[in-house]
Structures are given as structure tokens and as C-alpha cells.
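Undergrad: Quick one: the structure is below, and I'll ask about it shortly.
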Amino acid sequence: MKNSKTLVLLLLFMVVSITAPAQNQAFEVQVKGAGEPLLFFPGFACTDEVWDEIVTELSKKYECHVYTFAGFGDVPPVAFPWYPKVEEAVLDYIKSNNLENAIPIGHSLGGTLALSLATKENVFEKLIIVDALTATGALMIPNYKSEHMVYDSPYNNRVLTMGEGDFRAMATQMASGMTLHQEKQDQIVDWMLKADRKTYVYGYTDYLKVDLRKAVSAIQIPVTIFAATHPFGKEMVKKTYEEQYKNLADYDLRFAEGSAHFIMYDKPKWLVEQLIAVLTNNE
């Protein structure tokens, strides 16, 4: 009985020793499974739960580090600028936990983050990008320039002061196009409502400032990109990705046909099969 208690305490200490450094560095992380390390970066406002179905499968053979960024879920917000703090903290976590040559799997914002880290330091074996761009702002905003993305703007000020009813209505409208499943749309809305409002507003401004269109030319490791085709269609999506990634020397673009932005919700089985194929080089 004594040995059993000692083992439990040791395991608790190991979990704390893994997660504690991150909790003061702009994110929290859950570690599941054992084997080659994978880093799961969620999209904006999402928690680690967005990866649950995928991690359930991959953690059988891999050590999965699954992130929730500051200001989302139950993770307290951090001072601004938000995105640079997240980026720096993730890089510190990788180095302090000897995770060089890990493989990041990033969705949306998380995919952009993985690309950004790869442009700065050689810390990954390969990149797996799930419906993410090099410059989201350039797709959304006419005459886009990174320096034009500022916190003090009419849109930001309106969303900051928006009542919960109006914010819920906005979140519901946005989520309706992100996945084809109503219950998952409801989950996305819940995450948006739970998010720290300033992080939701200013953090997204930070995200829109990120422009890696030229910087990705520095990436020399294999990159696989999964792109959702709904609702715009394969040809338009293909054109968008080819324009955004034109300075990346080599990448493998694969289409999740009939899936909206949250591919892990709309085509989970397909995504798991694709990820395993990429991870094992069995393509």
C-alpha cells in the first residue's frame, strides 16, 4: 500500500513538472500517451478539447502535448501583445522539455503559429498544418498591411463593449460556417463566450498582424497542409493556398473535400488516417 501511494505521488509530480512551467507562460498543456512527441496547437479561442478525438487515437503511439492558450478556456489571460508572448512561451517550452524535432499539428491560428516558429528556429522534424494560412489578414482585408492592424479600431471597440446577447449572436453566426455539425457549432460558440473578451479582441488583432508570406521561404523541412473545401470549393481553395504559400519551396497540399474549417470535426476518421500516413511516411 505504501509503495502504491509513493507511485501515485511520483506520477503526480511528473505531471506537475511537465505542466507547471507552461502555466505561467501564456498557455497550459496536457500531455497524453508516450512515444515520439507531437505538439497540438488549437485554433483561436479553442481549448485543447478541440483535438480530443484525434488525440485519443494518436496518443496510442505518440506523446501528445495538447495546448490551450492564455485567455481561452480556464487559462488566465496575459498582458498584450498576446501572440508574441504565446510564440515565445511555446518555444521556451519546446527547449526546456527537450522537444526539438517534435512535430507540430496546428489548426488555423495554431497552424500559423507552427509556421512562424519554423521560420525562426530549426526545432521541428516536419510541419502538419490544418486549414491555416501564412497571412489570414491578407485574405480578409482589402489592401492589407500588417502595420494597419491596431487595437484601437471601431470594430474592436464595438466588440469589446458588446453585450452578451449580441456577442452570442455574432459568435453563433460565425460558428455556423466553421463546421457542418450543429453540436460542434454550439461548442465553438461556448468557447468564444468563455474567452477573455480583451484576449478575444486584441489577440485576434495580433493574429491578423502575422504575415509569413515571405518568411516561409526559410522553411526547409517537409510541410503537409490539409485544406477544407467547404463552402468555397476545391478550385478556389487551391488558388488561395497556392497564393499564400507561393514562397514555400516544397509542400504537400491535401484537400478535405466536403469539410468546413474544423476538419477534425467534419472528417475525423479521414484526418486521423492522413495524419498517421504523414507521421509514418506511409503515403
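Identifiers for the C-alpha cells are assigned positionally: chains receive A, B, ... in sequence, residues are indexed from 1 per chain, and ligands are indexed from 1 in the order shown.
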As a PyMOL selection string, please: all residues of stretch 10-226 of chain A that backbone DSSP puts in alpha helix (DSSP H).
TA: chain A and resi 10-23+52-58+82-96+109-120+136-140+154-160+164-175+182-194+197-209
Undergrad: Applying 8 Å and only C-alpha atoms, which residues near A:His261 remain after dropping the ones on its own chain fewer than 5 positions away? List them as a list in words.
TA: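 Listing them by chain and then by number gives Asp131, Gly177, Met178, Thr179, Ala228 and His230 of chain A.
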Undergrad: Between A:Cys64, A:Met162, A:Val272, A:Leu115, single out the one closest to A:Tyr245, counting only C-alpha atoms.
TA: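 Checking each of A:Cys64, A:Met162, A:Val272, A:Leu115 against A:Tyr245, counting only C-alpha atoms, the winner is A:Leu115.
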Undergrad: Expressed in Å to a single decimal, how great is the separation between atom CA of A:His107 and atom CA of A:Asp166?
TA: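 Separation between atom CA of A:His107 and atom CA of A:Asp166: 26.9 Å.
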Undergrad: As an exercise, work out the distance from atom CA of A:Val150 to atom CA of A:Lys246 in Å and give it to one decimal place.
TA: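 Computed distance, atom CA of A:Val150 to atom CA of A:Lys246, equals 26.9 Å.
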Undergrad: Excluding stretch 185-189 of chain A and any residue of its chain fewer than 5 positions from it, enumerate the residues within 9 Å of it, using only C-alpha atoms, and give them as a PyMOL selection string.
TA: chain A and resi 45-46+50+168+171-172+174-180+194
Undergrad: Store the residues picked out above in a file with N, CA, C and O atoms, as an mmCIF file, in the first residue's frame.
TA:
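Everything below was put into selection08.cif:
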data_model
loop_
_atom_site.group_PDB
_atom_site.id
_atom_site.type_symbol
_atom_site.label_atom_id
_atom_site.label_comp_id
_atom_site.auth_asym_id
_atom_site.auth_seq_id
_atom_site.Cartn_x
_atom_site.Cartn_y
_atom_site.Cartn_z
ATOM 1 N N ALA A 45 -9.361 30.877 -29.836
ATOM 2 C CA ALA A 45 -10.434 30.759 -28.835
ATOM 3 C C ALA A 45 -10.737 29.318 -28.442
ATOM 4 O O ALA A 45 -11.472 29.090 -27.484
ATOM 5 N N CYS A 46 -10.168 28.346 -29.137
ATOM 6 C CA CYS A 46 -10.438 26.946 -28.812
ATOM 7 C C CYS A 46 -9.576 26.477 -27.641
ATOM 8 O O CYS A 46 -8.515 27.041 -27.360
ATOM 9 N N VAL A 50 -10.551 20.596 -28.498
ATOM 10 C CA VAL A 50 -10.830 20.536 -29.930
ATOM 11 C C VAL A 50 -10.115 19.356 -30.588
ATOM 12 O O VAL A 50 -10.554 18.829 -31.612
ATOM 13 N N ARG A 168 -23.190 36.703 -28.382
ATOM 14 C CA ARG A 168 -23.605 35.330 -28.677
ATOM 15 C C ARG A 168 -24.140 35.221 -30.104
ATOM 16 O O ARG A 168 -23.850 34.259 -30.818
ATOM 17 N N ALA A 171 -21.215 35.295 -32.426
ATOM 18 C CA ALA A 171 -20.467 34.035 -32.330
ATOM 19 C C ALA A 171 -21.217 32.901 -33.016
ATOM 20 O O ALA A 171 -20.620 32.070 -33.713
ATOM 21 N N THR A 172 -22.538 32.878 -32.860
ATOM 22 C CA THR A 172 -23.352 31.830 -33.476
ATOM 23 C C THR A 172 -23.292 31.915 -34.988
ATOM 24 O O THR A 172 -23.177 30.899 -35.690
ATOM 25 N N MET A 174 -20.855 33.218 -36.770
ATOM 26 C CA MET A 174 -19.511 32.838 -37.187
ATOM 27 C C MET A 174 -19.328 31.330 -37.137
ATOM 28 O O MET A 174 -18.783 30.718 -38.063
ATOM 29 N N ALA A 175 -19.787 30.708 -36.064
ATOM 30 C CA ALA A 175 -19.586 29.268 -35.885
ATOM 31 C C ALA A 175 -20.363 28.449 -36.906
ATOM 32 O O ALA A 175 -19.975 27.322 -37.239
ATOM 33 N N SER A 176 -21.439 29.021 -37.433
ATOM 34 C CA SER A 176 -22.281 28.272 -38.374
ATOM 35 C C SER A 176 -21.528 27.872 -39.634
ATOM 36 O O SER A 176 -21.907 26.904 -40.305
ATOM 37 N N GLY A 177 -20.480 28.603 -39.968
ATOM 38 C CA GLY A 177 -19.708 28.259 -41.155
ATOM 39 C C GLY A 177 -18.428 27.494 -40.877
ATOM 40 O O GLY A 177 -17.692 27.166 -41.800
ATOM 41 N N MET A 178 -18.174 27.196 -39.606
ATOM 42 C CA MET A 178 -16.895 26.582 -39.238
ATOM 43 C C MET A 178 -16.924 25.057 -39.217
ATOM 44 O O MET A 178 -15.887 24.415 -39.340
ATOM 45 N N THR A 179 -18.109 24.481 -39.019
ATOM 46 C CA THR A 179 -18.277 23.037 -39.046
ATOM 47 C C THR A 179 -19.691 22.728 -39.509
ATOM 48 O O THR A 179 -20.599 23.553 -39.348
ATOM 49 N N LEU A 180 -19.880 21.548 -40.049
ATOM 50 C CA LEU A 180 -21.189 21.161 -40.548
ATOM 51 C C LEU A 180 -22.066 20.545 -39.466
ATOM 52 O O LEU A 180 -23.231 20.245 -39.731
ATOM 53 N N LYS A 194 -16.763 32.030 -23.516
ATOM 54 C CA LYS A 194 -15.950 31.861 -22.310
ATOM 55 C C LYS A 194 -14.634 32.619 -22.395
ATOM 56 O O LYS A 194 -14.008 32.934 -21.370
#
Undergrad: A:Ala215: which residues within 12 Å, counting only C-alpha atoms, same-chain residues fewer than 4 positions away excluded, as a ChimeraX atom specification?
TA: /A:112,115-121,134-135,210-211,219-220,244-249
Undergrad: Deliver the residues from the most recent selection as a file, using N, CA, C and O atoms, as an mmCIF file, in the first residue's frame.
TA:
data_model
loop_
_atom_site.group_PDB
_atom_site.id
_atom_site.type_symbol
_atom_site.label_atom_id
_atom_site.label_comp_id
_atom_site.auth_asym_id
_atom_site.auth_seq_id
_atom_site.Cartn_x
_atom_site.Cartn_y
_atom_site.Cartn_z
ATOM 1 N N THR A 112 -0.660 28.595 -38.166
ATOM 2 C CA THR A 112 0.155 29.783 -38.408
ATOM 3 C C THR A 112 1.274 29.879 -37.384
ATOM 4 O O THR A 112 2.415 30.228 -37.719
ATOM 5 N N LEU A 115 4.047 27.468 -38.290
ATOM 6 C CA LEU A 115 4.830 28.023 -39.395
ATOM 7 C C LEU A 115 5.760 29.127 -38.900
ATOM 8 O O LEU A 115 6.938 29.185 -39.274
ATOM 9 N N SER A 116 5.232 30.005 -38.054
ATOM 10 C CA SER A 116 6.012 31.123 -37.535
ATOM 11 C C SER A 116 7.229 30.638 -36.764
ATOM 12 O O SER A 116 8.345 31.143 -36.949
ATOM 13 N N LEU A 117 7.032 29.646 -35.900
ATOM 14 C CA LEU A 117 8.157 29.090 -35.131
ATOM 15 C C LEU A 117 9.190 28.473 -36.060
ATOM 16 O O LEU A 117 10.392 28.622 -35.849
ATOM 17 N N ALA A 118 8.723 27.803 -37.102
ATOM 18 C CA ALA A 118 9.644 27.137 -38.030
ATOM 19 C C ALA A 118 10.453 28.134 -38.852
ATOM 20 O O ALA A 118 11.552 27.802 -39.325
ATOM 21 N N THR A 119 9.933 29.346 -39.045
ATOM 22 C CA THR A 119 10.697 30.353 -39.784
ATOM 23 C C THR A 119 11.819 30.946 -38.940
ATOM 24 O O THR A 119 12.760 31.532 -39.473
ATOM 25 N N LYS A 120 11.712 30.804 -37.614
ATOM 26 C CA LYS A 120 12.666 31.440 -36.707
ATOM 27 C C LYS A 120 13.782 30.504 -36.246
ATOM 28 O O LYS A 120 14.935 30.908 -36.129
ATOM 29 N N GLU A 121 13.423 29.240 -35.959
ATOM 30 C CA GLU A 121 14.416 28.308 -35.440
ATOM 31 C C GLU A 121 14.165 26.911 -35.996
ATOM 32 O O GLU A 121 13.019 26.547 -36.289
ATOM 33 N N THR A 134 -0.693 31.591 -44.197
ATOM 34 C CA THR A 134 0.503 32.346 -43.818
ATOM 35 C C THR A 134 0.153 33.776 -43.408
ATOM 36 O O THR A 134 0.897 34.410 -42.661
ATOM 37 N N ALA A 135 -0.979 34.288 -43.891
ATOM 38 C CA ALA A 135 -1.403 35.658 -43.572
ATOM 39 C C ALA A 135 -2.914 35.729 -43.691
ATOM 40 O O ALA A 135 -3.455 36.086 -44.741
ATOM 41 N N VAL A 210 0.081 38.970 -38.179
ATOM 42 C CA VAL A 210 1.089 37.988 -38.601
ATOM 43 C C VAL A 210 1.035 37.817 -40.119
ATOM 44 O O VAL A 210 0.005 37.460 -40.695
ATOM 45 N N ASP A 211 2.155 38.050 -40.755
ATOM 46 C CA ASP A 211 2.275 37.896 -42.206
ATOM 47 C C ASP A 211 3.558 37.118 -42.504
ATOM 48 O O ASP A 211 4.658 37.661 -42.444
ATOM 49 N N ILE A 219 11.746 28.005 -44.527
ATOM 50 C CA ILE A 219 11.417 26.666 -44.038
ATOM 51 C C ILE A 219 11.948 25.607 -44.998
ATOM 52 O O ILE A 219 11.624 25.614 -46.189
ATOM 53 N N GLN A 220 12.755 24.702 -44.460
ATOM 54 C CA GLN A 220 13.378 23.671 -45.291
ATOM 55 C C GLN A 220 12.922 22.264 -44.931
ATOM 56 O O GLN A 220 13.394 21.292 -45.519
ATOM 57 N N GLN A 244 -0.974 32.012 -51.070
ATOM 58 C CA GLN A 244 -0.452 32.256 -49.724
ATOM 59 C C GLN A 244 0.897 31.560 -49.492
ATOM 60 O O GLN A 244 1.739 32.070 -48.753
ATOM 61 N N TYR A 245 1.080 30.404 -50.092
ATOM 62 C CA TYR A 245 2.283 29.603 -49.831
ATOM 63 C C TYR A 245 3.271 29.609 -51.004
ATOM 64 O O TYR A 245 4.151 28.762 -51.069
ATOM 65 N N LYS A 246 3.165 30.586 -51.870
ATOM 66 C CA LYS A 246 3.988 30.568 -53.077
ATOM 67 C C LYS A 246 5.481 30.693 -52.802
ATOM 68 O O LYS A 246 6.313 30.295 -53.631
ATOM 69 N N ASN A 247 5.865 31.218 -51.634
ATOM 70 C CA ASN A 247 7.289 31.337 -51.308
ATOM 71 C C ASN A 247 7.820 30.159 -50.493
ATOM 72 O O ASN A 247 9.000 30.149 -50.129
ATOM 73 N N LEU A 248 6.966 29.191 -50.211
ATOM 74 C CA LEU A 248 7.411 27.970 -49.548
ATOM 75 C C LEU A 248 7.848 26.998 -50.636
ATOM 76 O O LEU A 248 7.057 26.627 -51.503
ATOM 77 N N ALA A 249 9.113 26.596 -50.571
ATOM 78 C CA ALA A 249 9.713 25.847 -51.672
ATOM 79 C C ALA A 249 8.995 24.531 -51.958
ATOM 80 O O ALA A 249 8.795 24.154 -53.116
#
Undergrad: Quick one: DSSP strand (DSSP E or B) residues in stretch 50-245 of chain A, as a PyMOL selection string?
TA: chain A and resi 62-69+102-107+124+127-130+223-228
Undergrad: Using 7 Å as the limit and counting only C-alpha atoms, can you tabulate each residue of stretch 169-268 of chain A that touches stretch 72-84 of chain A, with its shortest atom-to-atom distance in Å and the two atoms involved, as a Markdown table?
TA:
| residue | atom | partner | partner_atom | distance |
| --- | --- | --- | --- | --- |
| A:Trp191 | CA | A:Gly73 | CA | 6.6 |
| A:Lys194 | CA | A:Gly73 | CA | 6.4 |
| A:Ala195 | CA | A:Phe72 | CA | 4.7 |
| A:Asp196 | CA | A:Phe72 | CA | 6.4 |
| A:Thr199 | CA | A:Pro77 | CA | 6.8 |
| A:Gly203 | CA | A:Trp82 | CA | 5.4 |
| A:Asp206 | CA | A:Tyr83 | CA | 5.7 |
| A:Tyr207 | CA | A:Tyr83 | CA | 6.5 |
Undergrad: Considering only C-alpha atoms, state which residue in the set A:Gly163, A:Pro42, A:Gly71, A:Gly258 is at the smallest distance from A:Pro104.
TA: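 Closest candidate: A:Pro42.
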